[in-house]
Structures are given as structure tokens and as C-alpha cells.
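data00.csv follows; it contains CSV, C-alpha atoms.
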```csv
chain,number,residue,atom,x,y,z
A,619,MET,CA,0.0,0.0,0.0
A,620,LYS,CA,2.8,2.4,1.0
A,621,LYS,CA,4.7,1.4,-2.1
A,622,GLU,CA,1.8,2.2,-4.3
A,623,LYS,CA,1.4,5.6,-2.6
A,624,ILE,CA,5.1,6.4,-3.3
A,625,LEU,CA,4.9,5.2,-6.8
A,626,ARG,CA,2.0,7.6,-7.4
A,627,LEU,CA,4.2,10.4,-6.0
A,628,VAL,CA,6.9,9.4,-8.5
A,629,GLU,CA,4.3,9.8,-11.2
A,630,LEU,CA,3.7,13.4,-9.9
A,631,LEU,CA,7.2,14.2,-11.2
A,632,GLY,CA,5.7,14.6,-14.7
A,633,ASP,CA,4.1,17.9,-15.5
A,634,ASP,CA,1.0,16.4,-16.9
A,635,TYR,CA,-0.1,14.6,-13.8
A,636,LEU,CA,-2.4,16.4,-11.3
A,637,PRO,CA,-2.2,15.2,-7.7
A,638,ALA,CA,-5.3,14.0,-6.0
A,639,GLU,CA,-6.2,15.5,-2.6
A,640,GLU,CA,-4.7,12.6,-0.7
A,641,GLU,CA,-1.4,12.9,-2.6
A,642,LYS,CA,-1.3,16.6,-2.1
A,643,ALA,CA,-1.7,16.1,1.6
A,644,LEU,CA,1.0,13.4,1.7
A,645,LEU,CA,3.4,15.6,-0.3
A,646,ALA,CA,2.7,18.6,2.0
A,647,ASP,CA,3.2,16.4,5.0
A,648,ILE,CA,6.5,15.1,3.7
A,649,ARG,CA,7.7,18.6,2.7
A,650,ALA,CA,6.8,20.1,6.1
A,651,SER,CA,8.7,17.4,7.9
A,652,PHE,CA,12.1,18.6,6.7
A,653,ASP,CA,13.9,20.9,9.0
A,654,PHE,CA,17.2,21.4,10.7
A,655,ASN,CA,17.8,20.8,14.4
A,656,LYS,CA,16.4,23.3,16.9
A,657,GLY,CA,18.4,26.5,17.3
A,658,PHE,CA,19.5,26.5,13.6
A,659,THR,CA,18.7,30.2,13.1
A,660,GLY,CA,20.6,31.1,16.3
A,661,ARG,CA,23.6,29.2,15.1
A,662,VAL,CA,23.5,30.9,11.7
A,663,MET,CA,23.3,34.3,13.3
A,664,GLN,CA,26.2,33.4,15.6
A,665,ARG,CA,28.4,32.6,12.5
A,666,LEU,CA,27.5,36.0,11.1
A,667,GLU,CA,28.8,37.9,14.2
A,668,GLY,CA,31.2,40.5,13.0
A,669,LEU,CA,30.4,40.1,9.3
A,670,GLU,CA,29.1,42.9,7.2
A,671,PRO,CA,26.3,42.0,4.8
A,672,GLY,CA,27.0,41.9,1.0
A,673,ARG,CA,30.8,41.8,1.3
A,674,LEU,CA,31.3,38.7,-0.8
A,675,TYR,CA,34.6,39.8,-2.3
A,676,ASP,CA,36.2,41.2,0.9
A,677,GLY,CA,37.9,37.9,1.6
A,678,VAL,CA,39.0,37.5,-2.0
A,679,ILE,CA,40.5,41.0,-2.0
A,680,ILE,CA,42.4,40.4,1.2
A,681,SER,CA,43.8,37.2,-0.1
A,682,MET,CA,44.7,38.9,-3.4
A,683,ASN,CA,46.5,41.6,-1.5
A,684,SER,CA,48.5,39.1,0.5
A,685,LEU,CA,49.3,37.2,-2.7
A,686,PHE,CA,50.5,40.4,-4.4
A,687,LEU,CA,52.7,41.2,-1.4
A,688,ARG,CA,54.3,37.8,-1.5
A,689,ILE,CA,55.0,38.1,-5.3
A,690,ALA,CA,56.3,41.6,-4.9
A,691,ILE,CA,58.7,40.6,-2.1
A,692,THR,CA,60.0,37.6,-4.1
A,693,GLY,CA,60.5,39.8,-7.1
A,694,ALA,CA,62.4,42.4,-5.1
A,695,ALA,CA,64.6,39.7,-3.6
A,696,ALA,CA,65.4,38.4,-7.1
A,697,ILE,CA,66.4,41.8,-8.4
A,698,ILE,CA,68.7,42.4,-5.4
A,699,LEU,CA,70.3,39.0,-6.0
A,700,LEU,CA,70.8,39.8,-9.7
A,701,ALA,CA,72.4,43.2,-8.8
A,702,VAL,CA,74.8,41.6,-6.3
A,703,SER,CA,75.6,38.9,-8.9
A,704,VAL,CA,76.3,41.5,-11.5
A,705,PHE,CA,78.4,43.6,-9.1
A,706,LEU,CA,80.5,40.6,-8.2
A,707,SER,CA,81.1,39.5,-11.7
A,708,GLY,CA,81.4,42.9,-13.4
A,709,GLY,CA,83.1,44.9,-10.7
A,710,ASP,CA,80.7,47.8,-10.7
A,711,LEU,CA,77.0,48.3,-10.6
A,712,SER,CA,76.0,50.8,-13.2
A,713,PHE,CA,72.6,50.7,-15.0
A,714,GLU,CA,74.4,49.4,-18.2
A,715,THR,CA,76.1,46.5,-16.5
A,716,LEU,CA,72.7,45.6,-14.9
A,717,LEU,CA,71.3,45.4,-18.4
A,718,GLY,CA,74.2,43.4,-19.7
A,719,LEU,CA,75.6,46.3,-21.8
A,720,GLY,CA,78.8,46.9,-20.0
A,721,ASN,CA,82.2,47.0,-21.8
A,722,THR,CA,83.4,43.9,-19.9
A,723,THR,CA,82.6,41.7,-22.9
A,724,GLU,CA,83.3,42.2,-26.6
A,725,GLU,CA,80.0,42.0,-28.4
A,726,GLY,CA,81.2,42.4,-32.0
A,727,MET,CA,80.1,39.8,-34.5
A,728,ILE,CA,83.6,38.6,-35.2
A,729,SER,CA,84.4,38.1,-31.6
A,730,LEU,CA,81.1,36.3,-31.0
A,731,LEU,CA,81.7,34.0,-34.0
A,732,SER,CA,85.3,33.3,-33.1
A,733,GLY,CA,84.4,32.6,-29.6
A,734,ASN,CA,86.9,35.2,-28.5
A,735,TYR,CA,84.9,36.9,-26.0
B,744,MET,CA,9.0,46.2,14.9
B,745,THR,CA,7.5,42.9,13.6
B,746,TYR,CA,9.1,41.3,10.6
B,747,ASN,CA,6.5,38.7,9.8
B,748,GLY,CA,4.5,40.9,7.5
B,749,LEU,CA,7.4,42.3,5.5
B,750,THR,CA,8.2,41.2,2.0
B,751,ASP,CA,11.4,39.5,1.1
B,752,GLU,CA,12.7,42.6,-0.7
B,753,GLN,CA,12.0,44.7,2.4
B,754,LEU,CA,13.8,42.2,4.6
B,755,VAL,CA,16.8,42.2,2.2
B,756,SER,CA,16.9,46.0,2.2
B,757,LEU,CA,16.8,46.1,6.0
B,758,ALA,CA,19.5,43.4,6.3
B,759,LEU,CA,21.7,45.3,3.9
B,760,ASN,CA,21.4,48.3,6.2
B,761,GLY,CA,22.7,46.2,9.1
B,762,ASP,CA,19.4,45.0,10.6
B,763,ARG,CA,20.3,41.5,11.8
B,764,GLN,CA,16.8,40.8,13.0
B,765,ALA,CA,15.6,41.1,9.4
B,766,PHE,CA,18.2,38.6,8.2
B,767,SER,CA,17.2,36.3,11.1
B,768,GLU,CA,13.6,36.5,9.7
B,769,ILE,CA,14.9,35.5,6.3
B,770,VAL,CA,16.6,32.4,7.8
B,771,GLU,CA,13.4,31.5,9.7
B,772,ARG,CA,11.3,31.9,6.5
B,773,TYR,CA,13.5,29.7,4.3
B,774,ARG,CA,15.1,27.3,6.8
B,775,ARG,CA,12.7,24.4,5.9
B,776,MET,CA,13.1,25.0,2.2
B,777,VAL,CA,16.9,24.8,2.5
B,778,ALA,CA,16.5,21.7,4.7
B,779,ARG,CA,14.5,20.0,2.0
B,780,THR,CA,17.0,20.7,-0.7
B,781,VAL,CA,20.1,19.9,1.3
B,782,LYS,CA,18.8,16.9,3.1
B,783,GLY,CA,16.9,15.7,0.0
B,784,MET,CA,20.2,15.6,-1.9
B,785,LEU,CA,22.6,14.8,0.8
B,786,GLY,CA,20.6,12.8,3.3
B,787,ASP,CA,20.1,13.8,6.9
B,788,ASN,CA,23.7,13.5,8.1
B,789,VAL,CA,26.1,15.7,10.0
B,790,TYR,CA,27.1,17.6,6.8
B,791,ALA,CA,23.6,18.7,6.1
B,792,GLU,CA,23.4,21.2,8.9
B,793,ASP,CA,26.8,22.6,8.1
B,794,ILE,CA,25.8,23.0,4.4
B,795,GLY,CA,22.5,24.6,5.6
B,796,GLN,CA,24.4,27.2,7.7
B,797,ASP,CA,26.8,27.8,4.8
B,798,VAL,CA,23.9,28.6,2.5
B,799,PHE,CA,22.7,31.4,4.7
B,800,VAL,CA,26.3,32.7,5.4
B,801,ARG,CA,26.8,32.8,1.6
B,802,LEU,CA,23.5,34.5,1.2
B,803,TYR,CA,24.4,37.1,3.8
B,804,ASN,CA,27.7,37.8,2.1
B,805,SER,CA,26.1,38.1,-1.3
B,806,LEU,CA,23.0,40.1,-0.3
B,807,SER,CA,24.1,43.1,-2.4
B,808,GLU,CA,24.2,40.8,-5.5
B,809,PHE,CA,20.5,40.1,-5.1
B,810,ARG,CA,18.8,42.4,-7.5
B,811,GLY,CA,15.2,41.1,-7.0
B,812,GLU,CA,15.0,39.9,-10.6
B,813,ALA,CA,14.3,36.4,-9.4
B,814,LYS,CA,12.4,35.4,-6.3
B,815,LEU,CA,14.5,35.3,-3.1
B,816,ALA,CA,13.5,31.6,-2.7
B,817,THR,CA,15.0,30.8,-6.1
B,818,TYR,CA,18.1,32.7,-5.3
B,819,ILE,CA,18.6,30.8,-2.0
B,820,ASN,CA,17.8,27.5,-3.5
B,821,LYS,CA,20.4,28.1,-6.2
B,822,ILE,CA,23.0,28.6,-3.5
B,823,ALA,CA,21.8,25.5,-1.7
B,824,VAL,CA,22.0,23.3,-4.8
B,825,ASN,CA,25.5,24.6,-5.7
B,826,LEU,CA,26.9,24.1,-2.2
B,827,THR,CA,25.3,20.6,-1.9
B,828,LEU,CA,26.6,19.5,-5.3
B,829,ASN,CA,30.1,20.8,-4.3
B,830,GLU,CA,29.9,18.8,-1.1
B,831,ILE,CA,28.9,15.7,-2.9
B,832,LYS,CA,31.8,16.2,-5.3
B,833,ARG,CA,34.2,16.9,-2.4
B,834,ARG,CA,33.1,13.8,-0.6
B,835,LYS,CA,33.4,11.8,-3.8
B,836,ARG,CA,37.0,13.1,-4.3
B,837,SER,CA,38.1,12.6,-0.7
B,838,SER,CA,36.7,9.2,-0.1
B,839,GLY,CA,36.5,7.9,-3.7
B,840,VAL,CA,33.1,6.6,-2.8
B,841,PHE,CA,29.9,8.2,-3.9
B,842,VAL,CA,27.4,9.2,-1.2
B,843,ASN,CA,25.2,6.2,-1.7
B,844,ASP,CA,22.7,4.0,0.0
B,845,SER,CA,25.1,2.3,2.3
B,846,GLN,CA,26.4,5.5,3.7
B,847,LEU,CA,23.0,7.0,4.2
B,848,GLN,CA,21.5,3.8,5.6
B,849,ASP,CA,20.7,4.9,9.1
B,850,THR,CA,20.9,8.6,8.8
B,851,LEU,CA,18.5,9.5,6.1
B,852,TYR,CA,15.6,11.8,6.9
B,853,ASP,CA,15.2,12.7,10.5
B,854,VAL,CA,11.7,12.2,11.7
B,855,THR,CA,10.8,14.4,14.5
B,856,ASP,CA,7.5,12.7,15.3
B,857,GLU,CA,8.5,9.2,16.2
B,858,ASN,CA,4.9,8.0,16.4
B,859,ASP,CA,4.2,8.7,12.8
B,860,HIS,CA,5.5,5.5,11.4
B,861,ASP,CA,3.7,5.8,8.1
B,862,ARG,CA,5.3,9.1,7.3
B,863,ARG,CA,8.6,7.9,8.5
B,864,ASP,CA,8.5,4.9,6.3
B,865,THR,CA,7.4,6.9,3.3
B,866,LYS,CA,10.2,9.4,3.8
B,867,GLU,CA,12.7,6.6,4.4
B,868,ILE,CA,11.7,4.8,1.2
B,869,ILE,CA,11.9,8.0,-0.8
B,870,GLY,CA,15.2,8.9,0.8
B,871,ARG,CA,16.8,5.5,0.1
B,872,ALA,CA,15.5,5.6,-3.4
B,873,LEU,CA,16.9,9.2,-4.0
B,874,ALA,CA,20.2,8.2,-2.6
B,875,LYS,CA,20.6,5.6,-5.4
B,876,LEU,CA,20.2,8.3,-8.1
B,877,GLU,CA,23.0,10.2,-9.8
B,878,PRO,CA,23.4,13.7,-8.2
B,879,GLY,CA,22.1,15.4,-11.3
B,880,PHE,CA,19.0,13.3,-11.4
B,881,ARG,CA,18.5,13.6,-7.6
B,882,ALA,CA,18.6,17.4,-7.8
B,883,VAL,CA,15.9,17.4,-10.4
B,884,VAL,CA,13.7,15.1,-8.4
B,885,VAL,CA,14.3,17.0,-5.2
B,886,MET,CA,13.3,20.3,-6.9
B,887,ARG,CA,10.1,18.7,-8.3
B,888,MET,CA,9.0,16.4,-5.6
B,889,LEU,CA,10.2,18.1,-2.4
B,890,GLU,CA,10.2,21.7,-3.4
B,891,GLY,CA,7.2,21.5,-5.7
B,892,TYR,CA,8.9,23.5,-8.5
B,893,SER,CA,7.6,23.5,-12.0
B,894,THR,CA,9.9,22.3,-14.8
B,895,LYS,CA,10.7,25.9,-15.7
B,896,GLU,CA,11.6,26.8,-12.1
B,897,THR,CA,13.7,23.6,-11.7
B,898,ALA,CA,15.6,24.6,-14.9
B,899,GLU,CA,16.2,28.1,-13.5
B,900,VAL,CA,17.4,26.9,-10.1
B,901,LEU,CA,19.7,24.2,-11.5
B,902,GLY,CA,20.9,26.4,-14.4
B,903,ILE,CA,20.2,23.8,-17.1
B,904,PRO,CA,17.9,23.8,-20.1
B,905,MET,CA,14.3,22.7,-19.7
B,906,GLY,CA,14.8,19.8,-22.1
B,907,THR,CA,17.5,18.5,-19.8
B,908,VAL,CA,15.2,18.7,-16.8
B,909,LEU,CA,12.5,16.8,-18.7
B,910,SER,CA,14.9,14.1,-19.9
B,911,ARG,CA,16.4,13.7,-16.4
B,912,LEU,CA,13.0,13.6,-14.9
B,913,SER,CA,11.9,10.9,-17.2
B,914,ARG,CA,15.0,8.8,-16.6
B,915,ALA,CA,14.8,9.4,-12.8
B,916,GLN,CA,11.2,8.4,-12.8
B,917,GLU,CA,12.1,5.1,-14.5
B,918,GLN,CA,14.9,4.4,-12.1
B,919,LEU,CA,12.8,5.4,-9.0
B,920,LYS,CA,10.0,3.1,-10.0
B,921,MET,CA,12.5,0.2,-10.4
B,922,ILE,CA,14.1,1.0,-7.0
B,923,ILE,CA,10.9,1.4,-5.2
B,924,GLN,CA,9.4,-1.8,-6.7
B,925,GLU,CA,12.4,-3.7,-5.3
B,926,TYR,CA,11.9,-2.2,-1.8
B,927,ARG,CA,10.2,-4.6,0.7
```

What does the file become when written as C-alpha cells?
Amino acid sequence: MKKEKILRLVELLGDDYLPAEEEKALLADIRASFDFNKGFTGRVMQRLEGLEPGRLYDGVIISMNSLFLRIAITGAAAIILLAVSVFLSGGDLSFETLLGLGNTTEEGMISLLSGNY
Amino acid sequence: MTYNGLTDEQLVSLALNGDRQAFSEIVERYRRMVARTVKGMLGDNVYAEDIGQDVFVRLYNSLSEFRGEAKLATYINKIAVNLTLNEIKRRKRSSGVFVNDSQLQDTLYDVTDENDHDRRDTKEIIGRALAKLEPGFRAVVVMRMLEGYSTKETAEVLGIPMGTVLSRLSRAQEQLKMIIQEYR
């Protein structure tokens, strides 16, 4: 009997099937019986303590800022290491040596081809 | 001030202005609806309450995104469906096992009125049958059977074409019939 009732509820899934009064009542009964445990609303409101409404992207912006800071620090450290390395190998630290345009190496075509650099 | 008589739009507006009581009324108003969606798809287990809370926290954080074009109920249910499907995927990834009948065996569908055996049995049979469906099919059935949505509303909430809803419904119906027939 119970199985038949449920099978008829399954039939209700189709748009072209109109529920009888008994089925309507059964469905309403089943729907009404779903709930969370007592105090659910209170627990939700507790979780919202200190939060501002409608600030979905605040967390994302904070994490992006922190990500940017990390990348910036890493980049700055890499530039400093490069400058130190150039200074040690080139002997001075001008803008040109930093760009690899110093006169410490011969960059003519002949010297490059002959490996005499 | 009483909040019962206020419309959803009024409550959202008040909540956006920092009226926490107004948001509390929204939670009260849509608590059962979210429970139907989350528990219908996930079963009545420990995760369901957490997901239910997450739904309202997400709603609170995205209140300014709600433009009033759709009904608030639809907006909330979209969040509920997305978070529940994410949870199902997460559990599938972490355990390698789909949330199925065996996992939900004793935890499906909490029945508050223990004396109502008939209703409990009905819910239990439905719950066990739903647990055997693929998540996509299950979502469609939950929207239609438990939320009472039309095909169009179901398509809107799930973000899929109406044709897909209809085909999923049809296949889910067949599967449900077979599962329920086997049930003793």
C-alpha cells in the first residue's frame, strides 16, 4: 500500500499529472517534515557575528593583497640577488652592466663567431 | 517592529542596512526550504546542517548581489543546490566513494514525530531511493517532488535547459520506479 502511494508520488514528477487531494496532503506532509535541528537560526546568526552583509569579495581582495605582497617581495629579492651577482662578476654596478651592456665583454660579430669573448 | 508581515525585498533591504533581525527572519522563513534541498540531496547527516548554515552565510555575504529579478527563494535554492553539489563532489573526491545507499543507511531523513511510522516509512523509502540516483537526477527530483517546483523553475534553479530537466525527470522516474518496486 505504502509502495503504491510512493509510486504515485513518483508519477507526480511529470508535469501532466495532477495530484489527488490525498497525494497533495501526503506531499505537503513530507515537505513540512524537513527541518534542521532546533536552534538552527541562532547558530547561523552566531556565525554572522562581526560580518558585514553583502561583502562577498572582501575575503578575495584580502587574499589577493596578500598574494600580491608575496609576489612583490619575491620579485624584489630576485632583483637584489641579480644586482649583487652583476656587481661581483662585473666589478661595478651601473645601469648598463645591470642590463648586460657593459664593456666587460666584446659583443662584436667577429668576436662572437670566433668565440673570442 | 514585527518582521513577519514584511516582503522579502523589504527584509533584504533592512538586512543590507545592518538589521540583523531582518536577516534572522529570512533564515526562519527559508530554513525548511533549504533543509528540503540539502537533506533531500545529501541525506540527513552531519554535513547537512553545516551546508545549511553555509547557505545562509553565503546569502548574507552576497546580499548586495541580489537584484530582486528572481524570487529570493529561487536565489537561496540556487546557493543551496550549488553548495550541496560541491559537497557531494568533495566527498566523492576525498573518499573515492559516492554518497550512496550504504552511507546513508541509518541517517536519512530525520523524523521528529517518532509515532508517525507511516510518514517515517514513506520518507525513508523516498530517501533511500533518492540516494541511489545520480546527483544530477537527484537534484531534479528534489526540486520537483520536495520543493514542488515546475519544470521551468527547476531549470532556472539548476541552471540547465528545460529539455535536460525533462529528460532527467523521465529517466529518474524510471529508475525510481524500479528501485521502489524492489523495496520490501

For this session: Using only C-alpha atoms, select each residue of chain A with any atom at most 12 Å away from an atom of chain B, and give the selection as a count of residues only.
Result: 55

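From atom CA of Glu640 of chain A back to atom CA of Lys875 of chain B, the distance works out to 26.7 Å.
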
Problem set entry | Coordinates-based distance that separates atom CA of Tyr790 of chain B from atom CA of Ala765 of chain B (Å, one decimal) |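 Going from atom CA of Ala765 of chain B over to atom CA of Tyr790 of chain B covers 26.3 Å.
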
Problem set entry | Residue neighbourhood segment 825-827 of chain B, 7 Å, only C-alpha atoms, exclusion window fewer than 4 positions, as a ChimeraX atom specification | /B:781,785,794,821,831

Seminar exercise, completed: From atom CA of Ala898 of chain B to atom CA of Asn747 of chain B the spacing works out at 29.9 Å
